[in-house]
Each structure stands twice: as structure tokens, then as C-alpha cells.
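J.: Structure incoming, see below.
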Amino acid sequence: MKLRTIDGIDVRGKYVLLRDDFNVQIVDGKITDAFRIEQSMPTINALRNAGARIAIVAHLGRPKGSRNMEYTLAPVAKYMGVPLIPDCLDKDFMANMHDGDVVLLENVRFYAGEEENDSDFAKRLADGFDLFVNDAFAVSHRAHASTVGVTNFLPSYAGKLLASEIEQLDSVMEKPAHPFVAIVAGSKISTKIGVLRALARIADRLIIGGALGTTFNYATGANVGNSLYEADQKDTALEILEYAKANNCEVLIPLDKGVATEFARDAVRTDKTFDKITDNDIILDAGVLTTARDVDAIKSAATVVWNGTVGMAEWMPTWSAGSFAIARAMAEQTRAGKLKSIVGGGDTVAALEACGVKDDISYVSTGGGAFLEYIEGRELPGIAVLEEK
């Protein structure tokens with residue numbers, strides 16, 4: 001896919017409305033993970049150095065169209081060291097801007113018109129600006145006013161981060177180096193049917209883990225105890241296994257699981273094969289046999305794409321073992337120059353960060369839902385409007 005980008009665009013003295021994704025975790029007024037902000041800085045700095053006058057539009061959380069200050073972007077503005085404009089529709093600040101200035105507009109979701117993609121709201125948001133730049137891949141699967149609506153009123157371009165996301169994903173989906181291993185985990189088949197089918201068409205091996213994998217185990221007749229799985233998706237799981245087989249993709253479902261008798265961080269762990277799992281067991285992580293097999297698959301791969309932790313990775317160290325082993329194996333192979341590794345999804349990226357290997361991965365996407373939908377082959381509204389025809 002070829003996008004209109006900011007490369008070569010004269011922005012000096014022009015007012016640029018820049019869509020960034022600053023939907024970061026904030027605890028007690030402090031940002032606990034600035035990954036998305038830092039990934040946005042190359043575009044911000046490029047525009048600033050080129051003399052643009054930049055107003056960043058972003059959101060935080062789900063204030064549901066009301067001015068709920070629990071979701072203020074003030075901590076983000078403080079972290080970035082830029083002024084916060086209290087209302088995203090305010091234009092008074094523009095008269096005092098100089099070339100290279102940057103401001104952050106308050107949460108665009110304080111207005112219902114944002115998520116409704118209301119044309120009048122989009123026009124008011126775009127008013128006074130010379131061009132629009134979208135650098136928020138993670139929200140580009142949403143047809144909102146700040147991703148799609150404003151493009152009806154302003155010349156629109158992709159920022160460096162968004163363009164890089166598309167380039168990286170296209171390289172994997174169109175011409176991956178083989179052997180290609182895809183790892184998909186998480187909680188629900190129902191949200192990942194399209195992704196599983198898309199990857200089964202191009203991957204050599206498809207590792208299915210987490211509660212998603214538990215559903216596949218259930219579908220193939222295993223006892224999964226008192227665990228999270230989707231009983232009503234049994235037929236879907238079996239259909240995906242047949243679809244993968246027809247496409248010469250080997251599916252690796254869990255061989256064993258780390259289980260406990262209570263759903264708790266400090267629960268005692270036991271690793272069991274499925275013939276040993278009882279009705280009272282709760283699955284909380286991939287088992288040691290599964291983890292060893294998955295690590296071997298990674299070591300034999302030339303490309304690995306990973307979305308979704310294979311257990312309660314946030315419950316360290318007992319229940320993060322499976323996810324951390326995958327992360328470390330991918331990092332080791334990438335450092336050795338043997339692997340192109342791409343990771344997407346908030347929980348998965350957090351696992352990389354927690355075990356200290358995020359910087360060793362070839363590409364870490366800022367997208368979660370957008371990452372999955374793009375892999376699935378869906379048209380992302382915020383991307384489609386930037387495509388060169």
C-alpha cells in the first residue's frame with residue numbers, strides 16, 4: 001500500500017493538525033508507559049524542525065462524549081513539556097504560535113461528535129489548519145472525526161510512525177521470509193477468527209496459545225477444568241484446524257498448562273498435561289512442554305509475528321513464564337540476525353517491556369485492534385483515506 005506521506009511537503013509556517021495516539025496508562029497522575037508517546041516523536045520533531053505550527057489531537061480512555069477530567073491529557077502535556085489547550089475546538093491559541101511550536105489539545109473524546117464521526121464536529125476541529133497528519137496507527141481502524149472526518153476538509157498525509165507500521169506489516173503479509181511462524185493468543189476465538197485464517201494462509205506454523213488455545217484443546221476433546229474458554233466456539237476451532245491443514249499450515253496447540261486451584265497471583269503452580277487436569281484446575285499459563293516446543297519453533301523460524309500473551313503474564317514471575325520464554329527466544333534470535341520479529345498488542349508489548357527485551361525486537365507495533373485488523377486484511381478507514389490512488 002502506498003500512502004501520501006509528509007516527506008517533501010513544505011510545512012513552514014503552516015498550521016498542522018496532527019493525530020497521535022496518546023492513550024497511555026496513567027497511575028496517580030503519572031504515565032507508567034510512554035511507549036506510544038516516544039514512538040510519535042520522530043514525526044513531531046520532523047514537523048517541528050521543518051517550521052510547522054503543530055496542534056496535536058489525541059484521546060485518553062472512554063469519557064463517552066462528556067468532559068470527564070479523569071481522562072484529561074494534562075499528564076501527557078506535562079510529560080512532553082508542551083502547553084495543553086483546555087478545549088480541542090479552541091482556536092485562540094493559534095494567533096500566538098510561531099514556527100516550530102507544539103501544543104496538545106485536550107481529549108477529543110470529550111465530544112460525542114468524535115466517535116460519531118460527526119461532519120460538523122470534524123469541520124470545527126479542522127477549521128484554521130492548513131493540513132492534517134495522521135500518525136495514530138492504533139486508532140486508524142476507527143472511522144472517527146479525528147481520523148477520517150477531518151480529511152474531508154484538509155489535505156491529509158501519513159506521519160512517519162503510521163507509514164512505518166504499514167511498511168512493516170506489508171512486508172510480512174506480502175513477502176515474509178520462511179519459515180514463518182505466527183503466534184496468536186489471548187482470550188477469544190470470536191475476535192480473532194479472521195486473523196487466524198489470514199495467518200493460516202501464509203504461515204508455515206501457527207502457534208495458538210492462552211485461553212484461545214484452551215478453546216482449541218477443548219474442541220479436540222481435552223479436559224480444561226474450570227478455565228476460561230469458549231464452549232460455543234468448538235466448531236469454529238475445528239474449522240480453523242481444517243482450514244490450516246488445507247493451506248499446509250501446521251497448527252501447534254498447547255500440550256500442557258500451568259494450573260492452579262484458585263485464580264490468584266500467588267496461587268501455587270503445577271504444570272499438567274491435559275490427561276491430568278481435574279475439574280477444579282484453573283489454567284493460568286502455558287505449560288513447560290508447550291513452552292519448550294514453542295521456543296524450538298521460534299528458533300527454527302526466519303519470521304515471527306506475535307500477538308497475545310499465552311498466560312497471565314502480568315502475574316510475575318509464576319504465571320509469566322510462558323510469555324517471557326517466547327519473548328526472550330524471539331529477542332535472542334533477532335539479536336543473532338536470524339529472525340525478523342514483529343510484535344503487536346498492548347499486553348504483548350507490556351510483556352516485552354517487563355522482561356527487558358523490547359528493544360531487541362525487529363518491530364514493535366503501537367497497534368492492538370488495528371494491528372489485528374490490518375493482518376486480517378480489513379480496510380482501515382483512517383488508512384484508506386491516506387492511500388495514493
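Following the order of the C-alpha cells, chains are lettered A, B, ..., residues in each are numbered from 1, and ligands are numbered from 1.
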For the helix (DSSP H, G or I) assignment from backbone DSSP, which residues of range 238-377 of chain A qualify? Please present them as an mmCIF file with C-alpha atoms, in the first residue's frame.

T.:
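Listing of part_17.cif after writing:
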data_model
loop_
_atom_site.group_PDB
_atom_site.id
_atom_site.type_symbol
_atom_site.label_atom_id
_atom_site.label_comp_id
_atom_site.auth_asym_id
_atom_site.auth_seq_id
_atom_site.Cartn_x
_atom_site.Cartn_y
_atom_site.Cartn_z
ATOM 1 C CA LEU A 238 -12.259 -27.359 14.369
ATOM 2 C CA GLU A 239 -12.997 -25.482 11.140
ATOM 3 C CA ILE A 240 -9.854 -23.367 11.589
ATOM 4 C CA LEU A 241 -7.775 -26.513 12.140
ATOM 5 C CA GLU A 242 -9.109 -27.956 8.883
ATOM 6 C CA TYR A 243 -8.597 -24.659 7.047
ATOM 7 C CA ALA A 244 -4.966 -24.518 8.208
ATOM 8 C CA LYS A 245 -4.391 -28.124 7.153
ATOM 9 C CA ALA A 246 -5.788 -27.357 3.698
ATOM 10 C CA PHE A 274 -4.385 -32.480 29.803
ATOM 11 C CA ASP A 275 -4.968 -36.052 30.941
ATOM 12 C CA LYS A 276 -4.011 -34.929 34.470
ATOM 13 C CA VAL A 288 6.664 -26.346 30.345
ATOM 14 C CA LEU A 289 6.279 -28.823 27.468
ATOM 15 C CA THR A 290 4.309 -26.327 25.384
ATOM 16 C CA THR A 291 6.812 -23.570 26.104
ATOM 17 C CA ALA A 292 9.795 -25.728 25.113
ATOM 18 C CA ARG A 293 8.095 -26.712 21.862
ATOM 19 C CA ASP A 294 7.156 -23.100 21.040
ATOM 20 C CA VAL A 295 10.694 -21.888 21.724
ATOM 21 C CA ASP A 296 12.033 -24.571 19.372
ATOM 22 C CA ALA A 297 9.596 -23.375 16.688
ATOM 23 C CA ILE A 298 10.841 -19.806 17.115
ATOM 24 C CA LYS A 299 14.465 -20.921 16.839
ATOM 25 C CA ALA A 321 6.929 -17.969 32.356
ATOM 26 C CA GLY A 322 5.370 -18.953 29.022
ATOM 27 C CA SER A 323 5.111 -15.432 27.611
ATOM 28 C CA PHE A 324 8.559 -14.414 28.832
ATOM 29 C CA ALA A 325 10.150 -17.504 27.285
ATOM 30 C CA ILE A 326 8.625 -16.610 23.912
ATOM 31 C CA ALA A 327 9.777 -13.004 24.250
ATOM 32 C CA ARG A 328 13.332 -13.984 25.164
ATOM 33 C CA ALA A 329 13.602 -16.556 22.389
ATOM 34 C CA MET A 330 12.432 -14.019 19.815
ATOM 35 C CA ALA A 331 14.847 -11.414 21.151
ATOM 36 C CA GLU A 332 17.779 -13.851 21.145
ATOM 37 C CA GLN A 333 17.180 -14.935 17.562
ATOM 38 C CA THR A 334 16.660 -11.345 16.428
ATOM 39 C CA ARG A 335 19.887 -10.188 18.073
ATOM 40 C CA GLY A 346 -0.784 -3.826 24.437
ATOM 41 C CA ASP A 347 -0.446 -6.844 26.754
ATOM 42 C CA THR A 348 2.154 -8.434 24.492
ATOM 43 C CA VAL A 349 4.242 -5.270 24.301
ATOM 44 C CA ALA A 350 3.981 -4.939 28.088
ATOM 45 C CA ALA A 351 5.401 -8.475 28.401
ATOM 46 C CA LEU A 352 8.367 -7.478 26.214
ATOM 47 C CA GLU A 353 8.938 -4.465 28.402
ATOM 48 C CA ALA A 354 8.611 -6.436 31.634
ATOM 49 C CA LYS A 358 11.520 -4.800 23.762
ATOM 50 C CA ASP A 359 14.467 -3.047 22.152
ATOM 51 C CA ASP A 360 15.692 -6.347 20.691
ATOM 52 C CA GLY A 369 -7.022 -3.843 17.259
ATOM 53 C CA ALA A 370 -5.606 -2.031 14.237
ATOM 54 C CA PHE A 371 -2.662 -4.458 14.131
ATOM 55 C CA LEU A 372 -5.016 -7.442 14.034
ATOM 56 C CA GLU A 373 -7.454 -5.933 11.545
ATOM 57 C CA TYR A 374 -4.669 -4.999 9.148
ATOM 58 C CA ILE A 375 -3.238 -8.518 9.282
ATOM 59 C CA GLU A 376 -6.729 -9.864 8.700
#

J.: Counting only C-alpha atoms, which residues in range 102-166 of chain A sit no more than 7 Å from range 79-82 of chain A? For each one, give the nearest pair of atoms and the distance in Å, sorted by chain then residue number, as a Markdown table.

T.:
| residue | atom | partner | partner_atom | distance |
| --- | --- | --- | --- | --- |
| A:Val102 | CA | A:Val82 | CA | 6.4 |
| A:Val103 | CA | A:Val82 | CA | 5.5 |
| A:Leu104 | CA | A:Val82 | CA | 6.7 |

J.: Find the spatial neighbours of Val108 in chain A, counting only C-alpha atoms, within a cut-off of 10 Å - ignore same-chain residues fewer than 5 positions away - and output them as number ranges by chain.

T.: A: 57-60, 63, 65-67, 72-73, 87-89, 113-115, 125, 145-146

J.: Hey, what's within 8 Å of Tyr157 in chain A if we count only C-alpha atoms and toss same-chain stuff fewer than 6 positions away? As a list in words, please?

T.: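 Listing them by chain and then by number gives Leu3, Arg4, Thr5, Ile6, Phe132, Val133, Asn134 and Leu386 of chain A.
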
J.: If you run DSSP on the backbone, which residues of range 263-381 of chain A are strand (DSSP E), as number ranges by chain?

T.: A: 270-273, 282-286, 303-307, 340-343, 363-364

J.: How about saving the chosen residues, N, CA and C atoms kept, as an mmCIF file, in the first residue's frame?

T.:
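Contents of again.cif, freshly written:
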data_model
loop_
_atom_site.group_PDB
_atom_site.id
_atom_site.type_symbol
_atom_site.label_atom_id
_atom_site.label_comp_id
_atom_site.auth_asym_id
_atom_site.auth_seq_id
_atom_site.Cartn_x
_atom_site.Cartn_y
_atom_site.Cartn_z
ATOM 1 N N THR A 270 1.166 -25.708 39.275
ATOM 2 C CA THR A 270 1.517 -27.076 38.894
ATOM 3 C C THR A 270 1.395 -27.175 37.383
ATOM 4 N N ASP A 271 2.376 -27.786 36.741
ATOM 5 C CA ASP A 271 2.285 -27.994 35.295
ATOM 6 C C ASP A 271 1.724 -29.387 35.033
ATOM 7 N N LYS A 272 0.649 -29.428 34.218
ATOM 8 C CA LYS A 272 -0.038 -30.687 33.965
ATOM 9 C C LYS A 272 -0.330 -30.870 32.482
ATOM 10 N N THR A 273 -0.181 -32.106 32.023
ATOM 11 C CA THR A 273 -0.709 -32.448 30.709
ATOM 12 C C THR A 273 -2.226 -32.590 30.854
ATOM 13 N N ILE A 282 -7.547 -24.510 37.305
ATOM 14 C CA ILE A 282 -7.714 -23.275 36.525
ATOM 15 C C ILE A 282 -6.425 -23.030 35.747
ATOM 16 N N ILE A 283 -6.527 -22.960 34.435
ATOM 17 C CA ILE A 283 -5.361 -22.738 33.580
ATOM 18 C C ILE A 283 -4.959 -21.260 33.613
ATOM 19 N N LEU A 284 -3.667 -21.019 33.930
ATOM 20 C CA LEU A 284 -3.187 -19.640 34.035
ATOM 21 C C LEU A 284 -1.960 -19.345 33.179
ATOM 22 N N ASP A 285 -1.365 -20.377 32.583
ATOM 23 C CA ASP A 285 -0.178 -20.150 31.761
ATOM 24 C C ASP A 285 0.051 -21.356 30.858
ATOM 25 N N ALA A 286 0.909 -21.161 29.866
ATOM 26 C CA ALA A 286 1.365 -22.293 29.069
ATOM 27 C C ALA A 286 2.222 -23.195 29.950
ATOM 28 N N THR A 303 10.867 -15.659 10.251
ATOM 29 C CA THR A 303 9.935 -14.574 10.576
ATOM 30 C C THR A 303 8.997 -15.054 11.670
ATOM 31 N N VAL A 304 8.772 -14.205 12.677
ATOM 32 C CA VAL A 304 7.769 -14.498 13.711
ATOM 33 C C VAL A 304 6.922 -13.255 13.945
ATOM 34 N N VAL A 305 5.614 -13.437 13.892
ATOM 35 C CA VAL A 305 4.666 -12.390 14.279
ATOM 36 C C VAL A 305 3.940 -12.883 15.523
ATOM 37 N N TRP A 306 3.854 -12.024 16.554
ATOM 38 C CA TRP A 306 3.270 -12.439 17.837
ATOM 39 C C TRP A 306 2.240 -11.421 18.309
ATOM 40 N N ASN A 307 1.050 -11.921 18.645
ATOM 41 C CA ASN A 307 0.016 -11.104 19.277
ATOM 42 C C ASN A 307 -0.679 -11.925 20.360
ATOM 43 N N LYS A 340 13.396 -12.051 11.758
ATOM 44 C CA LYS A 340 12.640 -10.799 11.743
ATOM 45 C C LYS A 340 11.441 -11.007 12.651
ATOM 46 N N SER A 341 11.333 -10.179 13.676
ATOM 47 C CA SER A 341 10.289 -10.350 14.688
ATOM 48 C C SER A 341 9.392 -9.127 14.745
ATOM 49 N N ILE A 342 8.100 -9.360 14.728
ATOM 50 C CA ILE A 342 7.121 -8.282 14.809
ATOM 51 C C ILE A 342 6.116 -8.620 15.901
ATOM 52 N N VAL A 343 5.890 -7.670 16.793
ATOM 53 C CA VAL A 343 5.002 -7.876 17.937
ATOM 54 C C VAL A 343 3.991 -6.747 17.985
ATOM 55 N N TYR A 363 10.456 -5.136 15.140
ATOM 56 C CA TYR A 363 9.453 -4.067 15.078
ATOM 57 C C TYR A 363 8.367 -4.321 16.110
ATOM 58 N N VAL A 364 8.114 -3.304 16.921
ATOM 59 C CA VAL A 364 7.057 -3.363 17.923
ATOM 60 C C VAL A 364 5.973 -2.379 17.517
#

J.: Given the choices A:Leu206, A:Val24, A:Ile189, A:Ala267, which gets closest to Glu230 in chain A if the distance is worked out from only C-alpha atoms?

T.: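 Closest to Glu230 in chain A, using only C-alpha atoms: A:Ile189.
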
J.: Counting only C-alpha atoms, which of A:Ile56, A:Val357, A:Ile253, A:Met69 gets nearest to Thr220 in chain A?

T.: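 The closest residue to Thr220 in chain A is A:Ile253.
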
J.: Sort by chain and increasing residue number a table of all residues of range 110-140 of chain A within 10 Å of range 90-101 of chain A, each with its closest pair of atoms and their distance in Å to one decimal, counting only C-alpha atoms, and write it as a tab-separated table.

T.:
residue	atom	partner	partner_atom	distance
A:Arg124	CA	A:Asp90	CA	9.3
A:Leu125	CA	A:Asp90	CA	8.6
A:Asp127	CA	A:Lys91	CA	8.3
A:Gly128	CA	A:Lys91	CA	7.4
A:Phe129	CA	A:Met94	CA	9.2

J.: Name the residues in contact with Gly221 in chain A at a cut-off of 10 Å, using only C-alpha atoms, excluding same-chain residues fewer than 4 positions from it; report them as number ranges by chain.

T.: A: 215-217, 234, 274

J.: Using only C-alpha atoms, which of the listed residues (A:Ile361, A:Val76, A:Leu105, A:Ile207) sits closest to Gln25 in chain A?

T.: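 Once distances to Gln25 in chain A are computed over only C-alpha atoms, the minimum belongs to A:Val76.
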
J.: Neighbouring residues of Leu131 in chain A were defined as those with any atom within 7 Å, considering only C-alpha atoms; residues of the same chain fewer than 3 positions away were excluded. Please report them as a list of chain:residue names.

T.: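 These residues fall inside the cut-off: A:Tyr15, A:Val16, A:Leu17, A:Leu154, A:Pro155, A:Ser156.
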
J.: Sorted by chain and rising residue number, list the residues of range 91-141 of chain A at most 12 Å from range 33-36 of chain A (counting only C-alpha atoms), each with its closest atom pair and distance in Å to one decimal, as CSV.

T.:
residue,atom,partner,partner_atom,distance
A:Asp135,CA,A:Arg36,CA,10.5
A:Ala136,CA,A:Arg36,CA,9.1
A:Phe137,CA,A:Arg36,CA,10.3
A:Ala138,CA,A:Arg36,CA,9.3
A:Val139,CA,A:Arg36,CA,11.9

J.: Would you put the residues from that selection into a file with N, CA and C atoms, as a JSON list (two decimals), in the first residue's frame?

T.:
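Written out: out.json:
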[["chain", "number", "residue", "atom", "x", "y", "z"],
["A", 135, "ASP", "N", -0.76, 10.14, 12.50],
["A", 135, "ASP", "CA", 0.36, 9.30, 12.92],
["A", 135, "ASP", "C", -0.10, 8.30, 13.98],
["A", 136, "ALA", "N", -1.42, 8.07, 14.04],
["A", 136, "ALA", "CA", -2.00, 7.24, 15.09],
["A", 136, "ALA", "C", -2.52, 5.93, 14.50],
["A", 137, "PHE", "N", -1.59, 5.04, 14.17],
["A", 137, "PHE", "CA", -1.99, 3.75, 13.60],
["A", 137, "PHE", "C", -2.97, 3.02, 14.50],
["A", 138, "ALA", "N", -2.76, 3.09, 15.80],
["A", 138, "ALA", "CA", -3.56, 2.30, 16.75],
["A", 138, "ALA", "C", -5.04, 2.66, 16.76],
["A", 139, "VAL", "N", -5.40, 3.82, 16.24],
["A", 139, "VAL", "CA", -6.82, 4.19, 16.19],
["A", 139, "VAL", "C", -7.32, 4.33, 14.75]]
